Structures are given as C-alpha cells and as structure tokens.
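What follows is the content of query-v5.pdb, which has PDB, C-alpha atoms (C1' of nucleotides):
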MODEL        1
ATOM      1  CA  MET A  23       0.000   0.000   0.000  1.00  0.00           C
ATOM      2  CA  SER A  24       1.547   3.257  -1.031  1.00  0.00           C
ATOM      3  CA  ALA A  25       0.644   5.686   1.708  1.00  0.00           C
ATOM      4  CA  PRO A  26       1.554   9.384   1.609  1.00  0.00           C
ATOM      5  CA  ALA A  27       4.210  10.499   4.052  1.00  0.00           C
ATOM      6  CA  PRO A  28       2.809  11.854   7.324  1.00  0.00           C
ATOM      7  CA  GLY A  29       2.876  15.615   7.435  1.00  0.00           C
ATOM      8  CA  SER A  30       3.068  15.823   3.670  1.00  0.00           C
ATOM      9  CA  PHE A  31       0.983  18.350   1.810  1.00  0.00           C
ATOM     10  CA  GLU A  32      -1.128  15.557   0.389  1.00  0.00           C
ATOM     11  CA  THR A  33      -2.010  14.250   3.851  1.00  0.00           C
ATOM     12  CA  ARG A  34      -3.027  17.690   5.071  1.00  0.00           C
ATOM     13  CA  VAL A  35      -5.140  18.329   1.971  1.00  0.00           C
ATOM     14  CA  LEU A  36      -6.994  15.037   2.318  1.00  0.00           C
ATOM     15  CA  HIS A  37      -7.552  15.794   5.979  1.00  0.00           C
ATOM     16  CA  VAL A  38      -9.106  19.170   5.135  1.00  0.00           C
ATOM     17  CA  VAL A  39     -11.348  17.772   2.400  1.00  0.00           C
ATOM     18  CA  ARG A  40     -12.586  15.131   4.765  1.00  0.00           C
ATOM     19  CA  ARG A  41     -13.715  17.907   7.140  1.00  0.00           C
ATOM     20  CA  ILE A  42     -15.980  19.555   4.553  1.00  0.00           C
ATOM     21  CA  PRO A  43     -19.549  19.132   5.865  1.00  0.00           C
ATOM     22  CA  ARG A  44     -22.227  17.499   3.762  1.00  0.00           C
ATOM     23  CA  GLY A  45     -24.079  19.949   1.543  1.00  0.00           C
ATOM     24  CA  ARG A  46     -21.196  22.420   1.669  1.00  0.00           C
ATOM     25  CA  VAL A  47     -18.335  23.054  -0.736  1.00  0.00           C
ATOM     26  CA  ALA A  48     -14.839  24.547  -0.750  1.00  0.00           C
ATOM     27  CA  THR A  49     -12.667  25.809  -3.562  1.00  0.00           C
ATOM     28  CA  TYR A  50      -9.248  24.414  -4.395  1.00  0.00           C
ATOM     29  CA  GLY A  51      -7.830  27.691  -3.138  1.00  0.00           C
ATOM     30  CA  ASP A  52      -9.717  27.373   0.140  1.00  0.00           C
ATOM     31  CA  VAL A  53      -8.444  23.838   0.633  1.00  0.00           C
ATOM     32  CA  ALA A  54      -4.912  24.962  -0.143  1.00  0.00           C
ATOM     33  CA  THR A  55      -5.212  27.781   2.386  1.00  0.00           C
ATOM     34  CA  MET A  56      -6.674  25.494   5.033  1.00  0.00           C
ATOM     35  CA  ALA A  57      -3.860  23.038   4.341  1.00  0.00           C
ATOM     36  CA  GLY A  58      -1.358  25.774   5.062  1.00  0.00           C
ATOM     37  CA  ARG A  59      -0.238  26.624   1.501  1.00  0.00           C
ATOM     38  CA  PRO A  60      -2.461  29.458   0.195  1.00  0.00           C
ATOM     39  CA  ARG A  61      -0.796  29.414  -3.214  1.00  0.00           C
ATOM     40  CA  ALA A  62      -0.736  25.682  -3.783  1.00  0.00           C
ATOM     41  CA  TRP A  63      -4.162  25.303  -5.430  1.00  0.00           C
ATOM     42  CA  ARG A  64      -2.406  23.831  -8.430  1.00  0.00           C
ATOM     43  CA  ALA A  65      -0.964  21.050  -6.349  1.00  0.00           C
ATOM     44  CA  VAL A  66      -4.351  20.519  -4.711  1.00  0.00           C
ATOM     45  CA  GLY A  67      -5.758  19.647  -8.119  1.00  0.00           C
ATOM     46  CA  THR A  68      -2.874  17.289  -8.745  1.00  0.00           C
ATOM     47  CA  ILE A  69      -3.468  15.604  -5.401  1.00  0.00           C
ATOM     48  CA  MET A  70      -7.222  15.390  -5.970  1.00  0.00           C
ATOM     49  CA  ARG A  71      -6.611  13.568  -9.204  1.00  0.00           C
ATOM     50  CA  THR A  72      -4.622  10.896  -7.395  1.00  0.00           C
ATOM     51  CA  CYS A  73      -7.160  10.780  -4.563  1.00  0.00           C
ATOM     52  CA  ARG A  74      -9.501   7.936  -5.325  1.00  0.00           C
ATOM     53  CA  SER A  75     -10.335   7.227  -1.675  1.00  0.00           C
ATOM     54  CA  PRO A  76     -14.092   6.941  -1.015  1.00  0.00           C
ATOM     55  CA  SER A  77     -13.436   8.301   2.481  1.00  0.00           C
ATOM     56  CA  VAL A  78     -12.595  11.664   0.948  1.00  0.00           C
ATOM     57  CA  PRO A  79     -15.553  13.664  -0.436  1.00  0.00           C
ATOM     58  CA  CYS A  80     -13.494  15.112  -3.260  1.00  0.00           C
ATOM     59  CA  HIS A  81     -16.731  16.029  -5.079  1.00  0.00           C
ATOM     60  CA  ARG A  82     -17.208  18.863  -2.559  1.00  0.00           C
ATOM     61  CA  VAL A  83     -14.113  20.616  -3.864  1.00  0.00           C
ATOM     62  CA  VAL A  84     -15.090  23.078  -6.582  1.00  0.00           C
ATOM     63  CA  ALA A  85     -13.322  25.714  -8.632  1.00  0.00           C
ATOM     64  CA  ALA A  86     -13.045  29.382  -7.746  1.00  0.00           C
ATOM     65  CA  GLY A  87     -15.993  31.690  -8.386  1.00  0.00           C
ATOM     66  CA  GLY A  88     -18.421  28.864  -7.724  1.00  0.00           C
ATOM     67  CA  ARG A  89     -17.628  27.095 -10.955  1.00  0.00           C
ATOM     68  CA  LEU A  90     -18.069  23.355 -10.968  1.00  0.00           C
ATOM     69  CA  GLY A  91     -14.432  22.578 -11.572  1.00  0.00           C
ATOM     70  CA  GLY A  92     -13.140  19.265 -12.835  1.00  0.00           C
ATOM     71  CA  TYR A  93     -13.725  15.664 -11.903  1.00  0.00           C
ATOM     72  CA  SER A  94     -13.060  12.213 -13.242  1.00  0.00           C
ATOM     73  CA  ASP A  95     -16.787  12.043 -13.977  1.00  0.00           C
ATOM     74  CA  PRO A  96     -18.375  15.528 -14.185  1.00  0.00           C
ATOM     75  CA  LEU A  97     -21.883  14.129 -14.349  1.00  0.00           C
ATOM     76  CA  ARG A  98     -21.289  12.117 -11.222  1.00  0.00           C
ATOM     77  CA  LYS A  99     -19.996  15.170  -9.385  1.00  0.00           C
ATOM     78  CA  ARG A 100     -23.169  17.077 -10.238  1.00  0.00           C
ATOM     79  CA  ARG A 101     -25.335  14.240  -9.078  1.00  0.00           C
ATOM     80  CA  LEU A 102     -23.473  13.814  -5.803  1.00  0.00           C
ATOM     81  CA  LEU A 103     -23.746  17.525  -5.020  1.00  0.00           C
ATOM     82  CA  GLN A 104     -27.420  17.642  -5.932  1.00  0.00           C
ATOM     83  CA  ASP A 105     -27.937  14.587  -3.781  1.00  0.00           C
ATOM     84  CA  GLU A 106     -26.623  16.637  -0.849  1.00  0.00           C
ATOM     85  CA  GLY A 107     -29.097  19.412  -1.574  1.00  0.00           C
ATOM     86  CA  VAL A 108     -26.685  21.621  -3.491  1.00  0.00           C
ATOM     87  CA  VAL A 109     -28.232  23.551  -6.364  1.00  0.00           C
ATOM     88  CA  VAL A 110     -26.042  23.006  -9.404  1.00  0.00           C
ATOM     89  CA  GLY A 111     -26.367  25.183 -12.489  1.00  0.00           C
ATOM     90  CA  PRO A 112     -25.041  24.303 -15.960  1.00  0.00           C
ATOM     91  CA  THR A 113     -21.437  24.995 -15.001  1.00  0.00           C
ATOM     92  CA  THR A 114     -21.698  26.955 -11.759  1.00  0.00           C
ATOM     93  CA  LEU A 115     -23.158  26.839  -8.243  1.00  0.00           C
ATOM     94  CA  PRO A 116     -25.763  29.629  -7.861  1.00  0.00           C
ATOM     95  CA  GLN A 117     -25.723  29.201  -4.078  1.00  0.00           C
ATOM     96  CA  PHE A 118     -21.936  29.050  -3.919  1.00  0.00           C
ATOM     97  CA  ALA A 119     -21.584  32.021  -1.540  1.00  0.00           C
ATOM     98  CA  ALA A 120     -24.126  30.474   0.825  1.00  0.00           C
ATOM     99  CA  ILE A 121     -22.740  26.933   0.946  1.00  0.00           C
ATOM    100  CA  ARG A 122     -19.052  27.788   0.793  1.00  0.00           C
ATOM    101  CA  TRP A 123     -17.300  26.241   3.769  1.00  0.00           C
ATOM    102  CA  THR A 124     -14.139  27.401   5.517  1.00  0.00           C
ATOM    103  CA  THR A 125     -12.502  26.676   8.851  1.00  0.00           C
ATOM    104  CA  LEU A 126     -13.882  29.977  10.082  1.00  0.00           C
ATOM    105  CA  ASP A 127     -17.416  28.682   9.618  1.00  0.00           C
ATOM    106  CA  THR A 128     -19.423  27.649  12.681  1.00  0.00           C
ATOM    107  CA  SER A 129     -19.710  23.970  11.892  1.00  0.00           C
TER     108      SER A 129
ATOM    109  C1'  DA B  21      18.459  16.261  -9.325  1.00  0.00           C
ATOM    110  C1'  DT B  22      15.677  17.729 -13.440  1.00  0.00           C
ATOM    111  C1'  DT B  23      11.558  17.595 -16.280  1.00  0.00           C
ATOM    112  C1'  DT B  24       6.823  16.846 -16.935  1.00  0.00           C
ATOM    113  C1'  DT B  25       2.186  16.918 -15.461  1.00  0.00           C
ATOM    114  C1'  DG B  26      -2.272  18.596 -13.836  1.00  0.00           C
ATOM    115  C1'  DA B  27      -9.838  17.879 -11.241  1.00  0.00           C
ATOM    116  C1'  DC B  28      -6.252  25.566 -10.961  1.00  0.00           C
ATOM    117  C1'  DC B  29      -6.438  31.009 -10.703  1.00  0.00           C
ATOM    118  C1'  DG B  30      -6.480  35.658 -12.377  1.00  0.00           C
ATOM    119  C1'  DT B  31      -6.051  38.766 -16.080  1.00  0.00           C
ATOM    120  C1'  DG B  32      -6.694  40.373 -20.746  1.00  0.00           C
ATOM    121  C1'  DC B  33      -8.972  40.504 -25.218  1.00  0.00           C
TER     122       DC B  33
ATOM    123  C1'  DC C   1     -19.883  34.996 -22.467  1.00  0.00           C
ATOM    124  C1'  DG C   2     -15.779  32.501 -24.277  1.00  0.00           C
ATOM    125  C1'  DC C   3     -10.747  31.573 -25.237  1.00  0.00           C
ATOM    126  C1'  DA C   4      -5.509  32.374 -24.722  1.00  0.00           C
ATOM    127  C1'  DC C   5      -1.556  33.270 -21.715  1.00  0.00           C
ATOM    128  C1'  DG C   6       1.267  33.367 -17.682  1.00  0.00           C
ATOM    129  C1'  DG C   7       2.066  32.101 -13.089  1.00  0.00           C
ATOM    130  C1'  DC C   8       1.934  29.096  -9.299  1.00  0.00           C
ATOM    131  C1'  DC C   9       2.766  24.661  -6.509  1.00  0.00           C
ATOM    132  C1'  DA C  10       3.596  19.815  -5.109  1.00  0.00           C
ATOM    133  C1'  DA C  11       3.643  15.047  -6.748  1.00  0.00           C
ATOM    134  C1'  DA C  12       5.015  11.737 -10.145  1.00  0.00           C
ATOM    135  C1'  DA C  13       8.042  10.182 -13.947  1.00  0.00           C
TER     136       DA C  13
ENDMDL
END
As a first step, turn the structure in this file into structure tokens.
Amino acid sequence: MSAPAPGSFETRVLHVVRRIPRGRVATYGDVATMAGRPRAWRAVGTIMRTCRSPSVPCHRVVAAGGRLGGYSDPLRKRRLLQDEGVVVGPTTLPQFAAIRWTTLDTS
DNA sequence: ATTTTGACCGTGC
DNA sequence: CGCACGGCCAAAA
C-alpha cells in the first residue's frame, strides 16, 4: 500500500477535504489555504486527481468563483452535489456564496 | 536532481 | 460569455 508520508501536503489536503460538511463546498484555493499553503491550489488539483479514496468527499471541492471545476466524472460530481441538496447550475453553483465552507465557519 | 504533469487562478482581449 | 496566456505549486516520472 503506497501511503503518503505523514505531514506531507497531500495528507493535510486530504484531511481538510474530509472535514468539509455534507451539503457544503470549498474551492481548491480554500483547501490549499486550510492546508497551510495558500498558493498551492495547483498542487491541490494534482493531489485530488490521485485521490480515489471513497473516504474523501473530493466532489465537494469546486473551482473558484463557484464554478463546478473538474472531476473524473463531471456528471457524477453534479449528481453527488445535488444529492446533498446543493443547487447546481449548468457549469456553476448559484448558491456558492451560501454553501461555501471554511474553517472559520461555525460547523 | 531535473523535467513533466495537472480535477487551478487571475487577467486580458 | 468565451478563449488564450502566464504564473503558481507539489507530486510523479
């Protein structure tokens, strides 16, 4: 089993994503900031791509500006978010500002 | 150690 | 609104 080194950026990112509440979303930039590297959103995407763990709700990570962002299966991502009560537009989240989650949020 | 690769971001046209 | 370009970062090759 190839496990990421403890304390690595990947481990911290996965930890953050796992903390995103159901029905809420966070941007790659937000995750990067919460992981301690505000300018590492690029790497967050790279890590997300390798993250195929079902324990990590990677579908709750969206792009900046409330855009849907990428996914291995875009349709699946939409369905998962809608299943959590998230309103998903054609390529954006109309309620993005309301459901955006950060560590500063009371939850 | 160096190069390539991305589920990105912001700006400009 | 859409597309092109540069910049940014860590992981993988």
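Residues matched by the PyMOL selection byres ((chain B and resi 27) around 9) in this structure: Val66, Gly67, Thr68, Ile69, Met70, Arg71, Val83, Val84, Ala85, Gly91, Gly92, Tyr93 and Ser94 of chain A; DG26 and DC28 of chain B.
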Using only C-alpha atoms (C1' of nucleotides), select each residue of chain C with any atom at most 8 Å away from an atom of chain A, and give the selection as a VMD selection string. chain C and resid 8 to 11
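Atom to atom, atom CA of A:Arg44 and atom CA of A:Gly88 stand 16.6 Å apart.
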Let me make sure I understand: among A:Lys99, A:Arg89, A:Arg34, A:Arg122, which one has the smallest atom-to-atom distance to A:Arg46 if we use all atoms listed in the file? A:Arg122
Got a sec to resolve the PyMOL selection byres ((chain A and resi 119) around 12) on this structure and send the residues as a count of residues only? 20
